[in-house]
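*Asks:* Dumping the structure here so I can ask a few things about it.
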Amino acid sequence: MKILVTGGLGAVGAPLTDILRNKGHEVWVLDRAHHHGLKGKYYFRCDVGEYRQVENIMEQVPFDFVYHAAAEFGRMNGEDFYETLWRTNAVGTKNMIRLQERKRYRMVIFSSSEIYGDWKGLMEEETPDRNPIKQMNDYAITKWVNELQVANSAATQGTETVTVRLFNTYGPGEPYSEYRSVVCKFIYCALHDLPYTVFSTHHRNLSYIDDTCRTLAAIADNFKPGAVYNIAGWTYIEMKTLSDMILRACGKTDRLVAYAPVEHHNTLDKRASTAAAVRDLGHAETIDLEKGIRRTVAWQREYYHVCA
């Protein structure tokens with residue numbers, strides 16, 4: 001198949017692209033950065049928030065399938081840069097859908113565990129449709145908007161899309177910024193002897209990047225229009241326990257760690273049901289958390305030239 005991965009230079013998009021190519025697909029990458037290209041011609045510089053730029057790409061290549069991963073990520077990123085968040089996530093996804101209605105490619109959109117908001121129980125794919133849920137930050141709201149956009153287009157225009165909700169994916173390939181995932185931030189701060197805060201009563205499912213991307217890649221060959229999948233690891237862990245594990249892997253103590261009970265605008269506990277992804281896509285946790293943390297620490301040491 002001819003496949004486009006938007007956000008294909010990102011922490012998830014890049015390894016997903018590699019897996020899809022290894023499966024024999026012709027994979028093109030779209031991202032905002034100027035780039036030398038991947039395997040020659042298979043790279044487009046594009047801002048998905050600009051319809052003309054996306055349309056130009058779709059006129060050049062007749063894609064069968066699109067993984068729409070391009071997005072502004074993170075709660076505080078969405079608070080600090082909300083104009084960019086809404087333009088990229090809401091307008092950008094609408095652009096992809098409008099062109100899908102014309103070109104009829106199948107699509108996977110990347111939602112988030114954040115859409116479960118203040119839900120306190122097991123997070124099943126049907127939960128938001130059956131219960132009143134309050135999303136707790138603009139990032140979460142944009143992702144729920146994306147799901148509504150997709151459902152509306154499917155109902156009115158017959159488009160075919162699968163939605164994936166990622167739960168705390170981590171691993172090598174994610175450079176640090178203050179808006180990155182919790183594992184990335186904890187490791188970077190521990191390695192560089194920087195202070196960080198642990199919200200100790202929060203719990204999370206975490207998923208190693210290889211496991212996440214292997215499941216994502218399986219959707220192209222096992223496509224069920226309208227399906228929604230939680231993609232999460234099976235380890236459910238308290239944030240202090242996660243921090244302690246990272247500190248051990250980095251050879252550090254918690255002398256620079258501050259502890260607080262709750263982070264505002266953030267879900268307290270995220271516990272996912274992955275039964276649908278296991279059934280349809282063969283999803284599995286093949287890398288346990290301690291091994292995944294060690295690999296991620298080793299990658300950051302090499303990336304930032306930090307000696308053991």
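By convention here, the chains of the structure tokens are called A, B, ... in the order presented, each chain's residues are numbered starting at 1, and ligands are numbered starting at 1 in the order presented.
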May I have a table of the residues of range 82-122 of chain A lying at most 12 Å from range 222-225 of chain A, giving each one's closest pair of atoms and their distance in Å to one decimal, counting only C-alpha atoms, ordered by chain and ascending residue number, as a Markdown table?
*Replies:*
```
| residue | atom | partner | partner_atom | distance |
| --- | --- | --- | --- | --- |
| A:Tyr105 | CA | A:Pro225 | CA | 11.7 |
| A:Arg106 | CA | A:Pro225 | CA | 8.3 |
| A:Met107 | CA | A:Pro225 | CA | 9.0 |
| A:Val108 | CA | A:Phe223 | CA | 9.3 |
| A:Ile109 | CA | A:Pro225 | CA | 11.8 |
```
*Asks:* Could you save the residues just selected, with C-alpha atoms, as a short mmCIF file (atom, residue, chain, number, x, y, z; two decimals), in the first residue's frame?
*Replies:*
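Ended up saving to again.cif:
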```cif
data_model
loop_
_atom_site.label_atom_id
_atom_site.label_comp_id
_atom_site.auth_asym_id
_atom_site.auth_seq_id
_atom_site.Cartn_x
_atom_site.Cartn_y
_atom_site.Cartn_z
CA TYR A 105 -8.17 6.98 1.67
CA ARG A 106 -8.59 5.02 4.87
CA MET A 107 -7.20 6.73 7.95
CA VAL A 108 -6.06 6.15 11.51
CA ILE A 109 -6.31 9.16 13.81
#
```
*Asks:* Enumerate the residues of range 36-259 of chain A with a DSSP assignment of strand (DSSP E or B), computed from the backbone, and present them as a VMD selection string.
*Replies:* chain A and resid 43 to 45 65 to 68 106 to 112 123 161 to 166 169 to 170 196 to 199 203 to 208 228 to 231 235 to 238 257 to 259
*Asks:* Find, counting only C-alpha atoms, the residue in A:His283, A:His192, A:Lys23, A:Lys185 that gets nearest to Thr215 in chain A.
*Replies:*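 That would be A:His283, the residue with the smallest distance to Thr215 in chain A.
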*Asks:* Using only C-alpha atoms, pick whichever of A:Met1, A:Val12, A:Phe186, A:Thr197 has the shortest atom-to-atom distance to Thr169 in chain A.
*Replies:*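 Checking each candidate against Thr169 in chain A, we get A:Val12 as the closest.
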*Asks:* Give me the range 32-86 of chain A side of the contact with range 144-167 of chain A, cut-off 12 Å, one line per residue showing its nearest atom pair and distance in Å at one decimal, counting only C-alpha atoms, sorted by chain and residue number, as JSON lines.
*Replies:*
```
{"residue": "A:Asp64", "atom": "CA", "partner": "A:Glu160", "partner_atom": "CA", "distance": 11.4}
{"residue": "A:Phe65", "atom": "CA", "partner": "A:Thr161", "partner_atom": "CA", "distance": 9.7}
{"residue": "A:Val66", "atom": "CA", "partner": "A:Thr161", "partner_atom": "CA", "distance": 9.4}
{"residue": "A:Tyr67", "atom": "CA", "partner": "A:Val162", "partner_atom": "CA", "distance": 9.5}
{"residue": "A:His68", "atom": "CA", "partner": "A:Thr163", "partner_atom": "CA", "distance": 9.8}
{"residue": "A:Ala69", "atom": "CA", "partner": "A:Val164", "partner_atom": "CA", "distance": 10.0}
{"residue": "A:Ala71", "atom": "CA", "partner": "A:Asn146", "partner_atom": "CA", "distance": 10.8}
{"residue": "A:Phe73", "atom": "CA", "partner": "A:Leu166", "partner_atom": "CA", "distance": 11.7}
{"residue": "A:Trp86", "atom": "CA", "partner": "A:Val145", "partner_atom": "CA", "distance": 10.0}
```
*Asks:* Could you jot down the CA of Val61 in chain A to CA of Trp28 in chain A separation for me, Å, one decimal place?
*Replies:*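 Atom-to-atom, CA of Val61 in chain A to CA of Trp28 in chain A, that is 9.4 Å.
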*Asks:* Would you kindly return, as JSON, numbers by chain, each protein, DNA or RNA residue with an atom no farther than 12 Å from any atom of Met76 in chain A, considering only C-alpha atoms and excluding same-chain residues fewer than 3 positions away?
*Replies:* {"A": [72, 73, 79, 80, 81, 82, 85, 136, 137, 138, 139, 140, 177, 178, 179, 180, 181, 263, 264, 265, 266]}
*Asks:* Once you count only C-alpha atoms, what closest atom pair and distance in Å to one decimal does each residue of range 65-182 of chain A within 6 Å of range 205-210 of chain A have, with rows by chain and rising residue number, as CSV?
*Replies:*
```
residue,atom,partner,partner_atom,distance
A:Asn168,CA,A:Leu206,CA,4.9
A:Thr169,CA,A:Ser207,CA,4.7
A:Tyr170,CA,A:Tyr208,CA,5.3
A:Gly171,CA,A:Ile209,CA,5.3
```
*Asks:* Taking the DSSP secondary structure from the backbone, can you list the residues of range 97-295 of chain A that are alpha helix (DSSP H), as number ranges by chain?
*Replies:* A: 97-103, 127-130, 138-157, 182-191, 209-218, 239-250, 275-281, 289-295
*Asks:* If we count only C-alpha atoms and set the cut-off at 12 Å, which residues sit around Pro132 in chain A, ignoring sequence neighbours fewer than 5 positions away in its own chain? Please answer as a list in words.
*Replies:*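 Everything that qualifies: Ile115, Tyr116, Gly117, Asp118, Trp119, Lys120, Glu126 and Thr127 of chain A.
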*Asks:* Create the file for the chosen residues now, containing C-alpha atoms and written as a short mmCIF file (atom, residue, chain, number, x, y, z; two decimals), in the first residue's frame.
*Replies:*
```cif
data_model
loop_
_atom_site.label_atom_id
_atom_site.label_comp_id
_atom_site.auth_asym_id
_atom_site.auth_seq_id
_atom_site.Cartn_x
_atom_site.Cartn_y
_atom_site.Cartn_z
CA ILE A 115 -10.06 12.06 26.56
CA TYR A 116 -11.15 9.92 29.53
CA GLY A 117 -10.85 13.03 31.69
CA ASP A 118 -12.20 12.65 35.20
CA TRP A 119 -13.36 9.04 34.75
CA LYS A 120 -12.32 7.04 37.81
CA GLU A 126 -17.18 2.63 25.10
CA THR A 127 -16.81 4.59 28.35
#
```
*Asks:* For Leu122 in chain A, which residue out of A:Asn230, A:Ile246, A:Phe63, A:Ala258 is the nearest one, using only C-alpha atoms?
*Replies:*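 Using only C-alpha atoms, Leu122 in chain A sits closest to A:Asn230.
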*Asks:* Any idea what's packed within 12 Å of Glu302 in chain A, counting only C-alpha atoms, ignoring anything in its chain fewer than 6 positions away? Could you give it as a list of chain:residue names?
*Replies:*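 Close residues of Glu302 in chain A: A:Pro172, A:Gly173, A:Pro175, A:Tyr188, A:Leu191, A:Arg295, A:Thr296, A:Ala308.
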*Asks:* Please produce an output containing N, CA and C atoms for each residue in the selection, written as a PDB file, in the first residue's frame.
*Replies:*
```
ATOM      1  N   PRO A 172      13.060   4.946  23.664  1.00  0.00           N
ATOM      2  CA  PRO A 172      14.082   5.674  22.916  1.00  0.00           C
ATOM      3  C   PRO A 172      13.458   6.487  21.783  1.00  0.00           C
ATOM      4  N   GLY A 173      14.149   7.590  21.448  1.00  0.00           N
ATOM      5  CA  GLY A 173      13.707   8.411  20.328  1.00  0.00           C
ATOM      6  C   GLY A 173      12.895   9.624  20.703  1.00  0.00           C
ATOM      7  N   PRO A 175      13.378  13.066  22.414  1.00  0.00           N
ATOM      8  CA  PRO A 175      14.235  14.076  23.038  1.00  0.00           C
ATOM      9  C   PRO A 175      13.455  14.883  24.079  1.00  0.00           C
ATOM     10  N   TYR A 188      15.506  12.494  31.963  1.00  0.00           N
ATOM     11  CA  TYR A 188      16.375  13.628  31.628  1.00  0.00           C
ATOM     12  C   TYR A 188      16.798  14.376  32.887  1.00  0.00           C
ATOM     13  N   LEU A 191      19.283  12.234  35.016  1.00  0.00           N
ATOM     14  CA  LEU A 191      20.621  12.159  34.429  1.00  0.00           C
ATOM     15  C   LEU A 191      21.375  13.471  34.537  1.00  0.00           C
ATOM     16  N   ARG A 295      16.443   0.631  28.683  1.00  0.00           N
ATOM     17  CA  ARG A 295      16.740   0.963  27.289  1.00  0.00           C
ATOM     18  C   ARG A 295      16.589   2.463  27.039  1.00  0.00           C
ATOM     19  N   THR A 296      15.591   3.062  27.650  1.00  0.00           N
ATOM     20  CA  THR A 296      15.355   4.489  27.442  1.00  0.00           C
ATOM     21  C   THR A 296      16.440   5.323  28.116  1.00  0.00           C
ATOM     22  N   ALA A 308      27.982   7.142  32.220  1.00  0.00           N
ATOM     23  CA  ALA A 308      27.373   6.319  33.295  1.00  0.00           C
ATOM     24  C   ALA A 308      28.135   6.528  34.591  1.00  0.00           C
TER      25      ALA A 308
END
```
*Asks:* Point out the residue among A:Asp221, A:Asp31, A:Glu101, A:Glu290 with the least atom-to-atom distance to Arg248 in chain A, counting only C-alpha atoms.
*Replies:*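 Among the listed residues, A:Glu290 lies closest to Arg248 in chain A.
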*Asks:* For Arg21 in chain A, which of A:Asn77, A:Gln53, A:Ala217, A:His202 is the closest residue, counting only C-alpha atoms?
*Replies:*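 Once distances to Arg21 in chain A are computed over only C-alpha atoms, the minimum belongs to A:Ala217.
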*Asks:* Residues at most 10 Å from Ser200 in chain A, counting only C-alpha atoms, excluding those fewer than 3 positions away in the same chain, as an MDAnalysis selection string?
*Replies:* chainID A and resid 197 203 238:243 258:263 268
*Asks:* From the list A:Arg271, A:Tyr236, A:Thr286, A:Cys307, which residue is nearest Gly251 in chain A when using only C-alpha atoms?
*Replies:*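 Looking only at the distances to Gly251 in chain A, the closest residue turns out to be A:Cys307.
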*Asks:* What's the 12 Å shell around Glu50 in chain A, counting only C-alpha atoms, without same-chain residues fewer than 5 positions away, as a PDB file with C-alpha atoms, in the first residue's frame?
*Replies:*
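Result written to selection15.pdb:
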```pdb
ATOM      1  CA  ARG A  32       6.771  20.512   9.616  1.00  0.00           C
ATOM      2  CA  ARG A  45       7.421  19.312   4.466  1.00  0.00           C
ATOM      3  CA  GLU A  55      -4.006  19.338  -0.594  1.00  0.00           C
ATOM      4  CA  ASN A  56      -0.839  19.747  -2.649  1.00  0.00           C
ATOM      5  CA  ILE A  57       0.527  16.489  -1.222  1.00  0.00           C
ATOM      6  CA  THR A  84      -1.113  26.447  17.938  1.00  0.00           C
ATOM      7  CA  ARG A  87      -4.993  25.103  14.824  1.00  0.00           C
ATOM      8  CA  THR A  88      -2.923  21.940  14.465  1.00  0.00           C
ATOM      9  CA  ASN A  89      -5.149  19.472  16.281  1.00  0.00           C
ATOM     10  CA  ALA A  90      -8.655  20.624  15.357  1.00  0.00           C
ATOM     11  CA  VAL A  91      -8.170  22.484  12.060  1.00  0.00           C
ATOM     12  CA  GLY A  92      -5.377  20.138  10.957  1.00  0.00           C
ATOM     13  CA  THR A  93      -7.513  17.043  11.507  1.00  0.00           C
ATOM     14  CA  LYS A  94     -10.446  18.683   9.726  1.00  0.00           C
ATOM     15  CA  ASN A  95      -8.148  19.311   6.751  1.00  0.00           C
ATOM     16  CA  MET A  96      -7.183  15.636   6.682  1.00  0.00           C
TER      17      MET A  96
END
```
*Asks:* For the atom pair CA of Tyr196 in chain A and CA of Tyr176 in chain A, what is the interatomic distance in Å to one decimal place?
*Replies:*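 The value is 13.3 Å.
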*Asks:* Can you work out the spacing between CA of Gly282 in chain A and CA of Ser111 in chain A in Å, to one decimal?
*Replies:*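 CA of Ser111 in chain A lies 19.8 Å from CA of Gly282 in chain A.
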